[in-house]
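Undergrad: Enclosed is the structure file start.pdb (PDB, C-alpha atoms).
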```pdb
ATOM      1  CA  MET E   1     116.612  82.008  98.053
ATOM      2  CA  LYS E   2     115.466  82.978 101.530
ATOM      3  CA  ILE E   3     113.204  85.906 102.294
ATOM      4  CA  GLU E   4     113.294  87.344 105.778
ATOM      5  CA  TYR E   5     110.513  89.378 107.338
ATOM      6  CA  ARG E   6     109.934  90.840 110.770
ATOM      7  CA  PRO E   7     106.516  91.272 112.413
ATOM      8  CA  ILE E   8     105.289  94.865 112.519
ATOM      9  CA  GLY E   9     102.965  94.058 115.420
ATOM     10  CA  SER E  10     100.515  91.445 116.626
ATOM     11  CA  VAL E  11      96.819  90.661 116.882
ATOM     12  CA  HIS E  12      94.944  90.733 120.169
ATOM     13  CA  SER E  13      91.804  88.657 119.885
ATOM     14  CA  PRO E  14      89.443  86.633 122.069
ATOM     15  CA  HIS E  15      90.552  83.426 120.277
ATOM     16  CA  GLN E  16      93.023  81.633 122.548
ATOM     17  CA  THR E  17      92.826  78.252 120.821
ATOM     18  CA  THR E  18      92.354  77.249 117.207
ATOM     19  CA  ARG E  19      89.419  75.033 118.154
ATOM     20  CA  GLY E  20      86.290  77.139 117.894
ATOM     21  CA  THR E  21      87.898  80.067 116.071
ATOM     22  CA  PRO E  22      85.807  81.359 113.145
ATOM     23  CA  ILE E  23      87.276  80.161 109.862
ATOM     24  CA  GLN E  24      87.001  83.514 108.054
ATOM     25  CA  PRO E  25      86.266  87.168 108.940
ATOM     26  CA  SER E  26      82.916  86.815 107.139
ATOM     27  CA  ARG E  27      82.031  84.219 109.793
ATOM     28  CA  ALA E  28      83.379  86.312 112.674
ATOM     29  CA  ARG E  29      80.857  89.161 112.573
ATOM     30  CA  GLY E  30      80.791  91.183 115.757
ATOM     31  CA  ILE E  31      84.022  89.721 117.106
ATOM     32  CA  GLU E  32      86.327  92.593 117.979
ATOM     33  CA  GLY E  33      90.035  92.777 118.632
ATOM     34  CA  THR E  34      93.034  94.993 118.057
ATOM     35  CA  VAL E  35      96.233  95.090 116.064
ATOM     36  CA  GLU E  36      98.999  96.549 118.176
ATOM     37  CA  LEU E  37     101.818  97.815 115.982
ATOM     38  CA  GLU E  38     105.336  98.695 117.026
ATOM     39  CA  GLY E  39     105.417 102.342 118.069
ATOM     40  CA  GLU E  40     107.687 103.296 115.179
ATOM     41  CA  TYR E  41     104.813 102.849 112.732
ATOM     42  CA  VAL E  42     102.449 105.527 114.070
ATOM     43  CA  GLU E  43     103.289 107.994 111.295
ATOM     44  CA  ALA E  44     102.754 105.348 108.610
ATOM     45  CA  LEU E  45      99.166 104.920 109.861
ATOM     46  CA  SER E  46      98.175 108.442 108.758
ATOM     47  CA  ASP E  47      95.117 108.521 106.493
ATOM     48  CA  LEU E  48      94.194 104.914 107.294
ATOM     49  CA  ASP E  49      91.173 105.997 109.341
ATOM     50  CA  GLY E  50      89.408 107.019 106.113
ATOM     51  CA  PHE E  51      89.107 103.364 105.144
ATOM     52  CA  SER E  52      86.328 101.136 106.439
ATOM     53  CA  HIS E  53      88.177  97.842 105.847
ATOM     54  CA  ILE E  54      91.797  96.727 105.927
ATOM     55  CA  ILE E  55      93.711  93.701 104.704
ATOM     56  CA  LEU E  56      95.789  91.948 107.352
ATOM     57  CA  ILE E  57      98.714  89.871 106.099
ATOM     58  CA  CYS E  58      99.813  87.654 108.986
ATOM     59  CA  HIS E  59     102.227  84.867 109.830
ATOM     60  CA  LEU E  60     100.152  81.860 110.925
ATOM     61  CA  HIS E  61     102.504  80.945 113.748
ATOM     62  CA  LYS E  62     100.590  77.874 114.921
ATOM     63  CA  ALA E  63     100.348  76.215 111.512
ATOM     64  CA  THR E  64     101.812  72.778 110.956
ATOM     65  CA  GLY E  65     104.146  72.246 108.034
ATOM     66  CA  PHE E  66     103.155  71.966 104.406
ATOM     67  CA  LYS E  67     100.761  69.258 103.230
ATOM     68  CA  HIS E  68     100.022  68.714  99.533
ATOM     69  CA  LYS E  69      96.403  67.831 100.237
ATOM     70  CA  VAL E  70      94.132  68.602 103.163
ATOM     71  CA  VAL E  71      90.513  68.063 104.153
ATOM     72  CA  PRO E  72      89.335  71.683 104.580
ATOM     73  CA  TYR E  73      87.057  72.663 107.466
ATOM     74  CA  LEU E  74      84.140  73.119 105.056
ATOM     75  CA  ASP E  75      84.563  69.836 103.194
ATOM     76  CA  THR E  76      84.915  66.097 103.757
ATOM     77  CA  GLU E  77      87.229  65.369 100.815
ATOM     78  CA  LEU E  78      90.966  65.845 100.305
ATOM     79  CA  ARG E  79      91.672  68.960  98.240
ATOM     80  CA  GLY E  80      94.875  70.388  96.833
ATOM     81  CA  LEU E  81      96.330  72.775  99.414
ATOM     82  CA  PHE E  82      96.378  75.745  97.021
ATOM     83  CA  ALA E  83      92.657  75.256  96.328
ATOM     84  CA  THR E  84      91.983  75.791 100.047
ATOM     85  CA  ARG E  85      92.562  78.483 102.651
ATOM     86  CA  ALA E  86      93.954  75.965 105.157
ATOM     87  CA  PRO E  87      97.044  77.147 107.062
ATOM     88  CA  SER E  88      99.315  74.182 106.142
ATOM     89  CA  ARG E  89     100.964  76.208 103.355
ATOM     90  CA  PRO E  90     104.615  76.171 102.239
ATOM     91  CA  ASN E  91     104.766  79.740 103.612
ATOM     92  CA  PRO E  92     102.051  79.996 106.292
ATOM     93  CA  ILE E  93     100.756  83.438 105.344
ATOM     94  CA  GLY E  94      97.243  84.427 106.384
ATOM     95  CA  PHE E  95      95.039  86.921 104.601
ATOM     96  CA  SER E  96      92.023  88.532 106.306
ATOM     97  CA  VAL E  97      89.820  91.475 105.364
ATOM     98  CA  VAL E  98      88.533  93.027 108.598
ATOM     99  CA  ARG E  99      86.491  96.098 109.436
ATOM    100  CA  LEU E 100      88.517  99.007 110.831
ATOM    101  CA  LEU E 101      86.674 100.536 113.790
ATOM    102  CA  GLY E 102      89.312 103.100 114.698
ATOM    103  CA  VAL E 103      92.960 104.047 114.954
ATOM    104  CA  ASP E 104      94.306 105.041 118.384
ATOM    105  CA  GLY E 105      97.994 105.881 118.041
ATOM    106  CA  HIS E 106      99.706 102.585 117.189
ATOM    107  CA  VAL E 107      96.624 100.453 117.941
ATOM    108  CA  LEU E 108      93.952  99.538 115.383
ATOM    109  CA  ARG E 109      90.537  98.480 116.635
ATOM    110  CA  ILE E 110      89.085  95.869 114.286
ATOM    111  CA  GLU E 111      85.942  93.763 113.865
ATOM    112  CA  GLY E 112      85.506  90.383 112.144
ATOM    113  CA  VAL E 113      88.520  88.807 113.810
ATOM    114  CA  ASP E 114      89.302  85.236 112.716
ATOM    115  CA  LEU E 115      92.889  85.240 114.005
ATOM    116  CA  LEU E 116      94.395  83.712 117.110
ATOM    117  CA  ASP E 117      95.511  85.980 119.918
ATOM    118  CA  GLY E 118      99.194  86.748 119.426
ATOM    119  CA  THR E 119      99.303  86.216 115.660
ATOM    120  CA  PRO E 120     102.265  88.185 114.198
ATOM    121  CA  VAL E 121     101.244  90.797 111.627
ATOM    122  CA  LEU E 122     103.461  91.313 108.564
ATOM    123  CA  ASP E 123     101.565  93.971 106.637
ATOM    124  CA  ILE E 124      98.451  96.122 106.649
ATOM    125  CA  LYS E 125      96.868  97.397 103.438
ATOM    126  CA  PRO E 126      93.724  99.399 102.772
ATOM    127  CA  TYR E 127      90.963  97.283 101.239
ATOM    128  CA  VAL E 128      89.924  98.972  97.988
ATOM    129  CA  ARG E 129      86.863  97.683  96.178
ATOM    130  CA  ASP E 130      88.069  98.888  92.789
ATOM    131  CA  PHE E 131      91.281  96.911  93.262
ATOM    132  CA  ASP E 132      90.179  93.855  95.211
ATOM    133  CA  ASP E 133      86.579  93.012  94.351
ATOM    134  CA  ARG E 134      85.757  90.724  91.435
ATOM    135  CA  THR E 135      82.541  89.798  89.617
ATOM    136  CA  ASN E 136      81.675  86.608  87.718
ATOM    137  CA  VAL E 137      83.537  84.528  90.248
ATOM    138  CA  ARG E 138      83.544  80.726  90.262
ATOM    139  CA  CYS E 139      84.661  79.087  93.510
ATOM    140  CA  GLY E 140      85.093  75.400  92.618
ATOM    141  CA  TRP E 141      84.371  73.007  95.499
ATOM    142  CA  LEU E 142      83.537  75.942  97.768
ATOM    143  CA  ASP E 143      80.486  76.797  95.657
ATOM    144  CA  GLU E 144      78.981  73.476  96.830
ATOM    145  CA  VAL E 145      79.526  73.965 100.548
ATOM    146  CA  ARG E 146      79.210  77.704 101.078
ATOM    147  CA  ASP E 147      76.277  77.471 103.470
ATOM    148  CA  ARG E 148      77.840  74.918 105.810
ATOM    149  CA  GLU E 149      78.305  76.049 109.396
ATOM    150  CA  THR E 150      81.618  75.284 111.026
ATOM    151  CA  THR E 151      84.467  76.663 113.076
ATOM    152  CA  ALA E 152      88.125  75.651 113.208
ATOM    153  CA  ASP E 153      89.518  72.652 115.073
ATOM    154  CA  ASP E 154      93.102  71.606 115.702
ATOM    155  CA  ARG E 155      93.682  69.584 112.527
ATOM    156  CA  PHE E 156      96.161  72.162 111.165
ATOM    157  CA  GLU E 157      97.794  73.065 114.463
ATOM    158  CA  ARG E 158     101.089  71.904 115.816
TER     159      ARG E 158
ATOM    160  CA  MET G 159     111.687  87.636 115.817
ATOM    161  CA  LYS G 160     112.574  86.770 112.243
ATOM    162  CA  ILE G 161     110.283  84.949 109.858
ATOM    163  CA  GLU G 162     111.849  83.104 106.964
ATOM    164  CA  TYR G 163     110.036  82.183 103.777
ATOM    165  CA  ARG G 164     111.091  80.609 100.504
ATOM    166  CA  PRO G 165     109.536  81.371  97.109
ATOM    167  CA  ILE G 166     107.289  78.624  95.758
ATOM    168  CA  GLY G 167     107.760  79.891  92.208
ATOM    169  CA  SER G 168     107.857  83.064  90.178
ATOM    170  CA  VAL G 169     105.788  85.248  87.878
ATOM    171  CA  HIS G 170     106.431  85.480  84.146
ATOM    172  CA  SER G 171     104.953  88.670  82.803
ATOM    173  CA  PRO G 172     105.463  91.147  79.957
ATOM    174  CA  HIS G 173     106.468  93.828  82.492
ATOM    175  CA  GLN G 174     110.267  94.101  82.444
ATOM    176  CA  THR G 175     110.475  97.492  84.174
ATOM    177  CA  THR G 176     108.400  99.105  86.884
ATOM    178  CA  ARG G 177     107.868 102.171  84.703
ATOM    179  CA  GLY G 178     104.685 101.596  82.719
ATOM    180  CA  THR G 179     103.501  98.558  84.702
ATOM    181  CA  PRO G 180      99.785  98.676  85.582
ATOM    182  CA  ILE G 181      99.330  99.619  89.220
ATOM    183  CA  GLN G 182      96.686  96.986  89.990
ATOM    184  CA  PRO G 183      95.202  93.860  88.325
ATOM    185  CA  SER G 184      91.970  95.809  87.797
ATOM    186  CA  ARG G 185      94.013  98.145  85.540
ATOM    187  CA  ALA G 186      95.804  95.280  83.765
ATOM    188  CA  ARG G 187      92.833  93.771  81.930
ATOM    189  CA  GLY G 188      93.865  91.513  79.083
ATOM    190  CA  ILE G 189      97.496  91.302  80.168
ATOM    191  CA  GLU G 190      98.426  87.645  80.449
ATOM    192  CA  GLY G 191     101.293  85.882  82.116
ATOM    193  CA  THR G 192     102.107  82.742  84.055
ATOM    194  CA  VAL G 193     103.074  81.628  87.525
ATOM    195  CA  GLU G 194     105.653  78.865  87.300
ATOM    196  CA  LEU G 195     105.751  76.898  90.532
ATOM    197  CA  GLU G 196     108.442  74.513  91.695
ATOM    198  CA  GLY G 197     107.613  71.041  90.374
ATOM    199  CA  GLU G 198     107.084  69.656  93.872
ATOM    200  CA  TYR G 199     103.815  71.601  94.160
ATOM    201  CA  VAL G 200     101.887  69.952  91.293
ATOM    202  CA  GLU G 201      99.800  67.792  93.627
ATOM    203  CA  ALA G 202      98.907  70.793  95.803
ATOM    204  CA  LEU G 203      97.348  72.474  92.738
ATOM    205  CA  SER G 204      94.572  69.849  92.497
ATOM    206  CA  ASP G 205      91.078  71.370  92.444
ATOM    207  CA  LEU G 206      92.399  74.880  91.792
ATOM    208  CA  ASP G 207      91.111  74.839  88.205
ATOM    209  CA  GLY G 208      87.544  75.113  89.553
ATOM    210  CA  PHE G 209      88.241  78.668  90.664
ATOM    211  CA  SER G 210      88.026  81.634  88.298
ATOM    212  CA  HIS G 211      90.292  83.920  90.349
ATOM    213  CA  ILE G 212      93.295  83.443  92.615
ATOM    214  CA  ILE G 213      95.116  85.567  95.163
ATOM    215  CA  LEU G 214      98.854  85.901  94.571
ATOM    216  CA  ILE G 215     100.974  86.760  97.606
ATOM    217  CA  CYS G 216     104.366  87.888  96.320
ATOM    218  CA  HIS G 217     107.669  89.287  97.502
ATOM    219  CA  LEU G 218     108.128  92.678  95.847
ATOM    220  CA  HIS G 219     111.811  92.128  95.161
ATOM    221  CA  LYS G 220     112.443  95.517  93.535
ATOM    222  CA  ALA G 221     110.921  97.593  96.324
ATOM    223  CA  THR G 222     113.003 100.163  98.133
ATOM    224  CA  GLY G 223     113.078 100.125 101.899
ATOM    225  CA  PHE G 224     110.338 101.307 104.215
ATOM    226  CA  LYS G 225     109.094 104.884 104.098
ATOM    227  CA  HIS G 226     106.588 106.220 106.649
ATOM    228  CA  LYS G 227     104.885 108.409 104.062
ATOM    229  CA  VAL G 228     104.766 108.213 100.283
ATOM    230  CA  VAL G 229     103.084 110.034  97.418
ATOM    231  CA  PRO G 230     101.043 107.207  95.852
ATOM    232  CA  TYR G 231     100.792 106.824  92.068
ATOM    233  CA  LEU G 232      97.164 107.962  92.163
ATOM    234  CA  ASP G 233      97.687 111.012  94.353
ATOM    235  CA  THR G 234      99.797 114.156  94.669
ATOM    236  CA  GLU G 235      99.941 114.304  98.481
ATOM    237  CA  LEU G 236     101.985 112.412 101.041
ATOM    238  CA  ARG G 237      99.972 109.617 102.641
ATOM    239  CA  GLY G 238     100.748 107.218 105.465
ATOM    240  CA  LEU G 239     102.309 104.092 103.940
ATOM    241  CA  PHE G 240      99.708 101.747 105.421
ATOM    242  CA  ALA G 241      96.929 103.816 103.812
ATOM    243  CA  THR G 242      98.477 103.062 100.399
ATOM    244  CA  ARG G 243      99.316 100.035  98.313
ATOM    245  CA  ALA G 244     102.809 101.362  97.536
ATOM    246  CA  PRO G 245     105.596  98.756  97.718
ATOM    247  CA  SER G 246     107.818 100.620 100.232
ATOM    248  CA  ARG G 247     106.466  98.532 103.099
ATOM    249  CA  PRO G 248     108.323  97.238 106.166
ATOM    250  CA  ASN G 249     107.795  93.763 104.667
ATOM    251  CA  PRO G 250     107.416  94.265 100.890
ATOM    252  CA  ILE G 251     104.551  91.823 100.361
ATOM    253  CA  GLY G 252     102.347  92.216  97.308
ATOM    254  CA  PHE G 253      98.741  91.137  97.033
ATOM    255  CA  SER G 254      97.025  90.683  93.646
ATOM    256  CA  VAL G 255      93.742  89.051  92.640
ATOM    257  CA  VAL G 256      94.156  87.721  89.092
ATOM    258  CA  ARG G 257      92.001  85.663  86.761
ATOM    259  CA  LEU G 258      93.029  82.015  86.461
ATOM    260  CA  LEU G 259      92.904  80.960  82.814
ATOM    261  CA  GLY G 260      94.210  77.448  83.287
ATOM    262  CA  VAL G 261      96.482  75.051  85.144
ATOM    263  CA  ASP G 262      99.060  73.103  83.096
ATOM    264  CA  GLY G 263     101.061  70.898  85.445
ATOM    265  CA  HIS G 264     103.066  73.286  87.623
ATOM    266  CA  VAL G 265     102.269  76.359  85.493
ATOM    267  CA  LEU G 266      99.276  78.652  86.051
ATOM    268  CA  ARG G 267      98.111  80.821  83.174
ATOM    269  CA  ILE G 268      96.773  84.116  84.536
ATOM    270  CA  GLU G 269      95.231  87.359  83.300
ATOM    271  CA  GLY G 270      95.278  90.822  84.878
ATOM    272  CA  VAL G 271      99.002  90.762  85.599
ATOM    273  CA  ASP G 272     100.345  93.828  87.434
ATOM    274  CA  LEU G 273     103.591  92.160  88.574
ATOM    275  CA  LEU G 274     107.102  92.466  87.236
ATOM    276  CA  ASP G 275     108.627  89.566  85.375
ATOM    277  CA  GLY G 276     110.544  87.430  87.858
ATOM    278  CA  THR G 277     108.594  88.418  90.969
ATOM    279  CA  PRO G 278     108.951  85.646  93.595
ATOM    280  CA  VAL G 279     105.638  84.081  94.648
ATOM    281  CA  LEU G 280     105.123  83.160  98.304
ATOM    282  CA  ASP G 281     101.568  81.823  98.309
ATOM    283  CA  ILE G 282      98.556  81.158  96.122
ATOM    284  CA  LYS G 283      95.031  81.121  97.515
ATOM    285  CA  PRO G 284      91.634  80.696  95.870
ATOM    286  CA  TYR G 285      89.678  83.962  95.729
ATOM    287  CA  VAL G 286      86.327  83.338  97.428
ATOM    288  CA  ARG G 287      83.670  86.022  97.209
ATOM    289  CA  ASP G 288      81.966  84.913 100.430
ATOM    290  CA  PHE G 289      85.276  85.314 102.257
ATOM    291  CA  ASP G 290      86.934  88.236 100.516
ATOM    292  CA  ASP G 291      84.291  90.597  99.151
ATOM    293  CA  ARG G 292      82.899  93.428 101.287
ATOM    294  CA  THR G 293      79.993  95.828 100.918
ATOM    295  CA  ASN G 294      79.573  99.350 102.353
ATOM    296  CA  VAL G 295      83.217 100.076 101.804
ATOM    297  CA  ARG G 296      84.787 103.499 102.344
ATOM    298  CA  CYS G 297      88.167 104.051 100.688
ATOM    299  CA  GLY G 298      89.441 107.311 102.180
ATOM    300  CA  TRP G 299      91.641 109.354  99.836
ATOM    301  CA  LEU G 300      91.229 106.722  97.120
ATOM    302  CA  ASP G 301      87.511 107.519  96.829
ATOM    303  CA  GLU G 302      88.533 110.944  95.489
ATOM    304  CA  VAL G 303      90.946 109.742  92.819
ATOM    305  CA  ARG G 304      89.509 106.429  91.666
ATOM    306  CA  ASP G 305      89.024 107.494  88.053
ATOM    307  CA  ARG G 306      92.551 108.819  87.526
ATOM    308  CA  GLU G 307      94.549 107.089  84.824
ATOM    309  CA  THR G 308      98.130 106.181  85.631
ATOM    310  CA  THR G 309     100.742 103.468  85.507
ATOM    311  CA  ALA G 310     103.751 102.865  87.737
ATOM    312  CA  ASP G 311     107.035 104.728  87.554
ATOM    313  CA  ASP G 312     110.326 104.100  89.347
ATOM    314  CA  ARG G 313     109.664 106.161  92.493
ATOM    315  CA  PHE G 314     109.500 103.006  94.670
ATOM    316  CA  GLU G 315     112.215 101.038  92.917
ATOM    317  CA  ARG G 316     115.790 100.529  93.980
TER     318      ARG G 316
END
```
Would you write the structure of this file as C-alpha cells?
TA:
Amino acid sequence: MKIEYRPIGSVHSPHQTTRGTPIQPSRARGIEGTVELEGEYVEALSDLDGFSHIILICHLHKATGFKHKVVPYLDTELRGLFATRAPSRPNPIGFSVVRLLGVDGHVLRIEGVDLLDGTPVLDIKPYVRDFDDRTNVRCGWLDEVRDRETTADDRFER
Amino acid sequence: MKIEYRPIGSVHSPHQTTRGTPIQPSRARGIEGTVELEGEYVEALSDLDGFSHIILICHLHKATGFKHKVVPYLDTELRGLFATRAPSRPNPIGFSVVRLLGVDGHVLRIEGVDLLDGTPVLDIKPYVRDFDDRTNVRCGWLDEVRDRETTADDRFER
C-alpha cells in the first residue's frame, strides 16, 4: 500500500545546513521564519490567527533512509529509532510545535524554528492544550539527558 | 512534487465506525487498543517502553477530500480547515498522543484510542514534555467550546 501526499507549502528559515540547526523548537527560542503556503490555501487559514501555537507536519527531505538504531544527538548510546526523534524514520515525517506570530495572506510568521530552509510542509494543525498536553509523563532515556546542550550535525543527512 | 509513504503498521481499536468515535485521545480515556507494526520494526522499538506516551502519526484513510472550511465537531460555525483538527485536510494526516501501556514484540498496547480500527500508521515518536508541551497557549475558537461534550459523526467520512 502506497500513500501519496503533496506539499502544501514550504518553510523559510535561517537554517541552511543541518549542522548547527536546533534539535527541537524548544531549543530554537527567538529563531523566526515563515511557512509559505500555496495560494489556494488562503481561505483554509481563516481563524488560525486566534491560536498562539501551531503543529507543523513536514517531510524531512534531507533525511537518510531508515535505520533500526541510531545514536541520538542528546545521547551517546544506540537507541531504537522509534524511541528517538531522529529523522532516519521509515517515513521521514517531522513534527514541530512552533509559535504563530501572524498570518499574512498565505504566509505564516513563526518562531521557534528547528527546520531547514526549504522543508516541505504537509499539514498545519492548531496546537490545543486540552488535546495535546499530557501530565505524569515518563521520557525513558531522555529523562537522563534533558539538560544537555547540543545542536544537530550531519549524522542523519544524505 | 509527490511524496510517497508506506504504512509501518495499523491500529486495532474498538471503533468500527466514525460515528461515535471519540474526537481526541483526551476524550478517549480508558479506551484501549493496539498498534501492530510490521515485524521488521521490532528492533527499532528498543527503548520505547521507557516512555509513558507516544505520538501516532497516521493516514486518515476514511477522510473525504480537502475542504477549505468545515464546521468542526465542537462548533456550529464554519472555520478555516487549518484552524481545526478535522480530517478533511489536503494531506489527511492524523496526530494523536496516546498512553503506551506496553510493548510486546511488534505490538504496542495503547490507551486513549481515538482512531478507527484499521487506520494505517506512518510513524511513531516518543512524546517528550520538554519538546512538545507549551505554556501560555491561546486556542482561538476552541477556547470558547472546550467543555462541550461530543463524539464524531460521519460528516468527514467518504
Undergrad: What's the 10 Å shell around E:Leu116, counting all atoms listed in the file, without same-chain residues fewer than 5 positions away, as a list of chain:residue names?
TA: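 Skipping anything fewer than 5 positions along the chain leaves E:Ser10, E:Val11, E:His12, E:Ser13, E:Pro14, E:His15, E:Gln16, E:Thr17, E:Thr18, E:Thr21, E:Pro22, E:Leu60, E:His61, E:Lys62.
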Undergrad: With a cut-off of 8 Å, could you pull out the residues of chain G touching chain E and give me the nearest pair of atoms for each, distance in Å to one decimal, using only C-alpha atoms, ordered by chain and ascending number, as a tab-separated table?
TA:
```
residue	atom	partner	partner_atom	distance
G:Met159	CA	E:Arg6	CA	6.2
G:Lys160	CA	E:Arg6	CA	5.1
G:Ile161	CA	E:Tyr5	CA	5.1
G:Glu162	CA	E:Glu4	CA	4.6
G:Tyr163	CA	E:Ile3	CA	5.1
G:Arg164	CA	E:Lys2	CA	5.1
G:Pro165	CA	E:Met1	CA	7.2
G:Ile166	CA	E:Pro90	CA	7.4
G:Gln182	CA	E:Phe131	CA	6.3
G:Pro183	CA	E:Phe131	CA	7.0
G:Ser184	CA	E:Phe131	CA	5.6
G:Tyr199	CA	E:His68	CA	7.2
G:Glu201	CA	E:His68	CA	6.0
G:Ala202	CA	E:Gly80	CA	4.2
G:Leu203	CA	E:Gly80	CA	5.2
G:Ser204	CA	E:Gly80	CA	4.4
G:Asp205	CA	E:Ala83	CA	5.7
G:Leu206	CA	E:Ala83	CA	4.6
G:Asp207	CA	E:Gly140	CA	7.5
G:Gly208	CA	E:Gly140	CA	3.9
G:Phe209	CA	E:Cys139	CA	4.6
G:Ser210	CA	E:Arg138	CA	5.0
G:His211	CA	E:Val137	CA	6.8
G:Lys225	CA	E:Ala44	CA	7.8
G:His226	CA	E:Ala44	CA	4.4
G:Lys227	CA	E:Ala44	CA	5.9
G:Arg237	CA	E:Asp47	CA	6.3
G:Gly238	CA	E:Ala44	CA	4.2
G:Leu239	CA	E:Ala44	CA	4.9
G:Phe240	CA	E:Leu45	CA	5.5
G:Ala241	CA	E:Leu48	CA	4.6
G:Thr242	CA	E:Pro126	CA	6.5
G:Arg243	CA	E:Lys125	CA	6.3
G:Arg247	CA	E:Asp123	CA	7.6
G:Pro248	CA	E:Ile8	CA	7.4
G:Asn249	CA	E:Tyr5	CA	5.8
G:Ile251	CA	E:Asp123	CA	7.3
G:Ser254	CA	E:Asp132	CA	7.7
G:Val255	CA	E:Asp132	CA	6.5
G:Leu280	CA	E:Asn91	CA	6.3
G:Asp281	CA	E:Asn91	CA	6.5
G:Ile282	CA	E:Phe82	CA	5.9
G:Lys283	CA	E:Phe82	CA	5.6
G:Pro284	CA	E:Ala83	CA	5.6
G:Tyr285	CA	E:Cys139	CA	7.3
G:Val286	CA	E:Cys139	CA	6.0
G:Arg287	CA	E:Val137	CA	7.1
G:Asp288	CA	E:Ser26	CA	7.0
G:Phe289	CA	E:Ser26	CA	5.6
G:Asp290	CA	E:Val97	CA	6.5
G:Asp291	CA	E:Asp133	CA	5.8
G:Arg292	CA	E:Arg129	CA	7.7
G:Val295	CA	E:Ser52	CA	5.7
G:Arg296	CA	E:Ser52	CA	5.0
G:Cys297	CA	E:Phe51	CA	4.6
G:Gly298	CA	E:Gly50	CA	3.9
G:Trp299	CA	E:Gly50	CA	7.1
G:Leu300	CA	E:Val128	CA	7.9
G:Arg304	CA	E:Asp130	CA	7.8
```
Undergrad: Hey, could you pull the box centre and edge lengths for stretch 269-277 of chain G, axis-aligned, 5 Å padding per side, all listed atoms, to one decimal in Å, as AutoDock Vina command-line options?
TA:
```
--center_x 102.9 --center_y 90.6 --center_z 87.1 --size_x 25.3 --size_y 16.5 --size_z 17.7
```
Undergrad: At a cut-off of 7 Å, using only C-alpha atoms, what residues contact G:Val265? Leave out same-chain residues fewer than 6 positions from it and give the result as a PyMOL selection string.
TA: chain G and resi 192-195
Undergrad: Take the residues from that selection and write them out as an mmCIF file, keeping the file's coordinate frame, keeping C-alpha atoms.
TA:
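Saved file part.cif follows:
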```
data_model
loop_
_atom_site.group_PDB
_atom_site.id
_atom_site.type_symbol
_atom_site.label_atom_id
_atom_site.label_comp_id
_atom_site.auth_asym_id
_atom_site.auth_seq_id
_atom_site.Cartn_x
_atom_site.Cartn_y
_atom_site.Cartn_z
ATOM 1 C CA THR G 192 102.107 82.742 84.055
ATOM 2 C CA VAL G 193 103.074 81.628 87.525
ATOM 3 C CA GLU G 194 105.653 78.865 87.300
ATOM 4 C CA LEU G 195 105.751 76.898 90.532
#
```
